[in-house]
Amino acid sequence: MSAISHGDPNIRVLIPEERIQARVQELASEIRAEIGHGPITCIGVLKGSFIFMADLVRALGGPVRCEFLGVSSYHGGTRSTGVVRISEDLRHPIEGHHCLLVEDIVDTGLTMDYLRHFLEGRKPASVRTVALLDKPGHREVEITADHVGFTIPDEFVVGYGLDLGELYRNLPFIAVYTP
Ligand code: IMP
């Protein structure tokens, strides 16, 4: 599939669907190799991670619990406000669980840094982090996810769960958005 077939002149494919799917399988193997084959509590950060989370939990196999955290740090534009707010808390306690925080993208790092501390405060057995995308050119906090799908340049991307003003989440690929 290409940006042309999508028919939107503002987007250009950066990572095609097949590469994402192959990398998700590799990430799942990496994560199982680290955490083992016991239960994992996957915690998806809404809304951007929902498609990645759906593919990743199926690739992980074995016992997996799915939780979500609602977070808002962007307000419709292409730049972070730097303020992280939890809009939807976990439904169940995670005390004693091996947790995997599932993020769509790490940009400034503020969200992942905040959420890692937030989860550690709930006394899990461990917290690992995975981000499909890493945009290291724009960090404000020194943080790297334990597992990263793709490192990308400092451009605004959409698709595979990532949005611009709530649109584009349903694209099966990652695309650069240029106004
Ligand atoms: P951070 O706190 O700046 O690391 O931003 C994390 C959140 O910002 C991600 O979970 C995304 O929801 C959003 N974000 C950052 N960069 C992009 C982008 O290029 N496209 C869409 N959303 C983005």
# chains A, B, ... in the order shown; residues from 1 in each chain; ligands from 1

$ select_by_dssp --residues "chain A" --states "strand (DSSP E)" --output "JSON, numbers by chain"
{"A": [11, 12, 13, 14, 15, 40, 41, 42, 43, 44, 45, 46, 64, 65, 66, 67, 68, 69, 70, 71, 72, 85, 86, 87, 88, 98, 99, 100, 101, 102, 103, 104, 105, 106, 126, 127, 128, 129, 130, 131, 132, 133, 134, 147, 148, 149, 150, 151, 157, 158, 174, 175, 176, 177]}

$ select_by_dssp --residues "chain A" --states "helix (DSSP H, G or I)" --output "number ranges by chain"
A: 3-6, 17-35, 50-60, 110-120, 136-138

$ residues_around --residues "Gly149 in chain A" --least-positions-apart "4" --cutoff "9 Å" --atoms "only C-alpha atoms" --output "VMD selection string"
chain A and resid 20 23 to 24 26 to 27 130 to 134

$ atom_distance --atom1 "atom 18 (C, counted along the ligand's line) of ligand 1" --atom2 "CA of Asp89 in chain A"
23.0 Å

$ closest_residue --among "A:Ile86, A:Leu14, A:Leu69, A:Val57" --to "Pro153 in chain A" --atoms "only C-alpha atoms"
A:Leu14

$ residues_around --residues "range 100-114 of chain A" --least-positions-apart "6" --cutoff "8 Å" --atoms "only C-alpha atoms" --output "JSON, numbers by chain"
{"A": [40, 41, 42, 43, 44, 45, 48, 49, 52, 53, 73, 80, 82, 84, 127, 128, 129, 130, 131, 132, 133, 134, 135, 136, 137, 138, 139, 140, 141, 142, 143, 144, 145, 161, 162]}

$ atom_distance --atom1 "CA of Gly159 in chain A" --atom2 "CA of Leu171 in chain A"
4.6 Å

$ decode --residues "range 96-111 of chain A" --atoms "all heavy atoms" --output "PDB file, in the first residue's frame"
ATOM      1  N   GLY A  96       2.941  -7.340  42.479  1.00  0.00           N
ATOM      2  CA  GLY A  96       3.536  -8.665  42.266  1.00  0.00           C
ATOM      3  C   GLY A  96       3.549  -9.122  40.817  1.00  0.00           C
ATOM      4  O   GLY A  96       4.056 -10.195  40.517  1.00  0.00           O
ATOM      5  N   HIS A  97       3.010  -8.324  39.902  1.00  0.00           N
ATOM      6  CA  HIS A  97       2.970  -8.736  38.488  1.00  0.00           C
ATOM      7  C   HIS A  97       4.230  -8.310  37.744  1.00  0.00           C
ATOM      8  O   HIS A  97       4.811  -7.266  38.040  1.00  0.00           O
ATOM      9  CB  HIS A  97       1.785  -8.075  37.757  1.00  0.00           C
ATOM     10  CG  HIS A  97       0.451  -8.552  38.211  1.00  0.00           C
ATOM     11  ND1 HIS A  97      -0.705  -8.334  37.488  1.00  0.00           N
ATOM     12  CD2 HIS A  97       0.065  -9.249  39.312  1.00  0.00           C
ATOM     13  CE1 HIS A  97      -1.741  -8.867  38.122  1.00  0.00           C
ATOM     14  NE2 HIS A  97      -1.294  -9.413  39.236  1.00  0.00           N
ATOM     15  N   HIS A  98       4.585  -9.108  36.740  1.00  0.00           N
ATOM     16  CA  HIS A  98       5.591  -8.682  35.771  1.00  0.00           C
ATOM     17  C   HIS A  98       4.862  -7.864  34.712  1.00  0.00           C
ATOM     18  O   HIS A  98       4.020  -8.399  33.991  1.00  0.00           O
ATOM     19  CB  HIS A  98       6.318  -9.886  35.165  1.00  0.00           C
ATOM     20  CG  HIS A  98       7.186 -10.571  36.168  1.00  0.00           C
ATOM     21  ND1 HIS A  98       8.371 -10.027  36.614  1.00  0.00           N
ATOM     22  CD2 HIS A  98       7.025 -11.737  36.852  1.00  0.00           C
ATOM     23  CE1 HIS A  98       8.917 -10.828  37.516  1.00  0.00           C
ATOM     24  NE2 HIS A  98       8.118 -11.874  37.687  1.00  0.00           N
ATOM     25  N   CYS A  99       5.166  -6.557  34.675  1.00  0.00           N
ATOM     26  CA  CYS A  99       4.404  -5.635  33.817  1.00  0.00           C
ATOM     27  C   CYS A  99       5.215  -5.216  32.603  1.00  0.00           C
ATOM     28  O   CYS A  99       6.431  -5.079  32.664  1.00  0.00           O
ATOM     29  CB  CYS A  99       4.030  -4.378  34.614  1.00  0.00           C
ATOM     30  SG  CYS A  99       2.884  -4.734  35.936  1.00  0.00           S
ATOM     31  N   LEU A 100       4.491  -4.998  31.521  1.00  0.00           N
ATOM     32  CA  LEU A 100       5.088  -4.479  30.285  1.00  0.00           C
ATOM     33  C   LEU A 100       4.285  -3.256  29.878  1.00  0.00           C
ATOM     34  O   LEU A 100       3.100  -3.359  29.528  1.00  0.00           O
ATOM     35  CB  LEU A 100       5.024  -5.545  29.192  1.00  0.00           C
ATOM     36  CG  LEU A 100       5.610  -5.126  27.842  1.00  0.00           C
ATOM     37  CD1 LEU A 100       7.130  -4.964  27.936  1.00  0.00           C
ATOM     38  CD2 LEU A 100       5.258  -6.164  26.770  1.00  0.00           C
ATOM     39  N   LEU A 101       4.926  -2.090  29.952  1.00  0.00           N
ATOM     40  CA  LEU A 101       4.278  -0.839  29.529  1.00  0.00           C
ATOM     41  C   LEU A 101       4.421  -0.723  28.011  1.00  0.00           C
ATOM     42  O   LEU A 101       5.535  -0.759  27.483  1.00  0.00           O
ATOM     43  CB  LEU A 101       4.960   0.340  30.233  1.00  0.00           C
ATOM     44  CG  LEU A 101       4.407   1.737  29.937  1.00  0.00           C
ATOM     45  CD1 LEU A 101       2.978   1.868  30.460  1.00  0.00           C
ATOM     46  CD2 LEU A 101       5.296   2.801  30.589  1.00  0.00           C
ATOM     47  N   VAL A 102       3.291  -0.623  27.315  1.00  0.00           N
ATOM     48  CA  VAL A 102       3.285  -0.659  25.849  1.00  0.00           C
ATOM     49  C   VAL A 102       2.944   0.736  25.320  1.00  0.00           C
ATOM     50  O   VAL A 102       1.814   1.209  25.464  1.00  0.00           O
ATOM     51  CB  VAL A 102       2.258  -1.695  25.331  1.00  0.00           C
ATOM     52  CG1 VAL A 102       2.277  -1.755  23.805  1.00  0.00           C
ATOM     53  CG2 VAL A 102       2.529  -3.076  25.933  1.00  0.00           C
ATOM     54  N   GLU A 103       3.934   1.372  24.696  1.00  0.00           N
ATOM     55  CA  GLU A 103       3.777   2.743  24.172  1.00  0.00           C
ATOM     56  C   GLU A 103       3.858   2.727  22.657  1.00  0.00           C
ATOM     57  O   GLU A 103       4.595   1.919  22.080  1.00  0.00           O
ATOM     58  CB  GLU A 103       4.920   3.623  24.698  1.00  0.00           C
ATOM     59  CG  GLU A 103       4.593   4.357  25.984  1.00  0.00           C
ATOM     60  CD  GLU A 103       3.947   5.712  25.733  1.00  0.00           C
ATOM     61  OE1 GLU A 103       3.235   5.871  24.717  1.00  0.00           O
ATOM     62  OE2 GLU A 103       4.158   6.614  26.555  1.00  0.00           O
ATOM     63  N   ASP A 104       3.161   3.643  22.021  1.00  0.00           N
ATOM     64  CA  ASP A 104       3.281   3.781  20.570  1.00  0.00           C
ATOM     65  C   ASP A 104       4.615   4.423  20.196  1.00  0.00           C
ATOM     66  O   ASP A 104       5.342   3.940  19.343  1.00  0.00           O
ATOM     67  CB  ASP A 104       2.104   4.594  19.995  1.00  0.00           C
ATOM     68  CG  ASP A 104       1.881   5.934  20.706  1.00  0.00           C
ATOM     69  OD1 ASP A 104       2.570   6.237  21.707  1.00  0.00           O
ATOM     70  OD2 ASP A 104       0.997   6.694  20.266  1.00  0.00           O
ATOM     71  N   ILE A 105       4.964   5.524  20.873  1.00  0.00           N
ATOM     72  CA  ILE A 105       6.153   6.281  20.469  1.00  0.00           C
ATOM     73  C   ILE A 105       6.718   7.024  21.682  1.00  0.00           C
ATOM     74  O   ILE A 105       5.961   7.474  22.543  1.00  0.00           O
ATOM     75  CB  ILE A 105       5.795   7.271  19.330  1.00  0.00           C
ATOM     76  CG1 ILE A 105       7.024   8.005  18.797  1.00  0.00           C
ATOM     77  CG2 ILE A 105       4.724   8.268  19.734  1.00  0.00           C
ATOM     78  CD1 ILE A 105       6.772   8.724  17.467  1.00  0.00           C
ATOM     79  N   VAL A 106       8.034   7.090  21.753  1.00  0.00           N
ATOM     80  CA  VAL A 106       8.688   7.924  22.768  1.00  0.00           C
ATOM     81  C   VAL A 106       9.288   9.121  22.040  1.00  0.00           C
ATOM     82  O   VAL A 106      10.109   8.962  21.140  1.00  0.00           O
ATOM     83  CB  VAL A 106       9.776   7.145  23.537  1.00  0.00           C
ATOM     84  CG1 VAL A 106      10.431   8.049  24.574  1.00  0.00           C
ATOM     85  CG2 VAL A 106       9.185   5.918  24.212  1.00  0.00           C
ATOM     86  N   ASP A 107       8.834  10.302  22.438  1.00  0.00           N
ATOM     87  CA  ASP A 107       9.267  11.537  21.790  1.00  0.00           C
ATOM     88  C   ASP A 107      10.104  12.337  22.797  1.00  0.00           C
ATOM     89  O   ASP A 107      11.321  12.174  22.873  1.00  0.00           O
ATOM     90  CB  ASP A 107       8.019  12.288  21.320  1.00  0.00           C
ATOM     91  CG  ASP A 107       8.325  13.564  20.548  1.00  0.00           C
ATOM     92  OD1 ASP A 107       9.477  13.744  20.128  1.00  0.00           O
ATOM     93  OD2 ASP A 107       7.408  14.385  20.363  1.00  0.00           O
ATOM     94  N   THR A 108       9.477  13.185  23.616  1.00  0.00           N
ATOM     95  CA  THR A 108      10.243  13.882  24.655  1.00  0.00           C
ATOM     96  C   THR A 108      10.678  12.918  25.758  1.00  0.00           C
ATOM     97  O   THR A 108      11.640  13.187  26.475  1.00  0.00           O
ATOM     98  CB  THR A 108       9.404  14.996  25.325  1.00  0.00           C
ATOM     99  OG1 THR A 108       8.280  14.386  25.977  1.00  0.00           O
ATOM    100  CG2 THR A 108       8.929  16.016  24.312  1.00  0.00           C
ATOM    101  N   GLY A 109       9.946  11.816  25.926  1.00  0.00           N
ATOM    102  CA  GLY A 109      10.232  10.857  26.997  1.00  0.00           C
ATOM    103  C   GLY A 109       9.455  11.149  28.265  1.00  0.00           C
ATOM    104  O   GLY A 109       9.463  10.352  29.205  1.00  0.00           O
ATOM    105  N   LEU A 110       8.751  12.266  28.304  1.00  0.00           N
ATOM    106  CA  LEU A 110       8.041  12.673  29.531  1.00  0.00           C
ATOM    107  C   LEU A 110       6.958  11.657  29.917  1.00  0.00           C
ATOM    108  O   LEU A 110       6.804  11.320  31.091  1.00  0.00           O
ATOM    109  CB  LEU A 110       7.406  14.054  29.333  1.00  0.00           C
ATOM    110  CG  LEU A 110       8.390  15.231  29.263  1.00  0.00           C
ATOM    111  CD1 LEU A 110       7.712  16.485  28.709  1.00  0.00           C
ATOM    112  CD2 LEU A 110       8.974  15.508  30.642  1.00  0.00           C
ATOM    113  N   THR A 111       6.229  11.166  28.926  1.00  0.00           N
ATOM    114  CA  THR A 111       5.126  10.241  29.225  1.00  0.00           C
ATOM    115  C   THR A 111       5.667   8.932  29.795  1.00  0.00           C
ATOM    116  O   THR A 111       5.210   8.459  30.849  1.00  0.00           O
ATOM    117  CB  THR A 111       4.294   9.962  27.956  1.00  0.00           C
ATOM    118  OG1 THR A 111       3.887  11.202  27.388  1.00  0.00           O
ATOM    119  CG2 THR A 111       3.064   9.135  28.276  1.00  0.00           C
TER     120      THR A 111
END
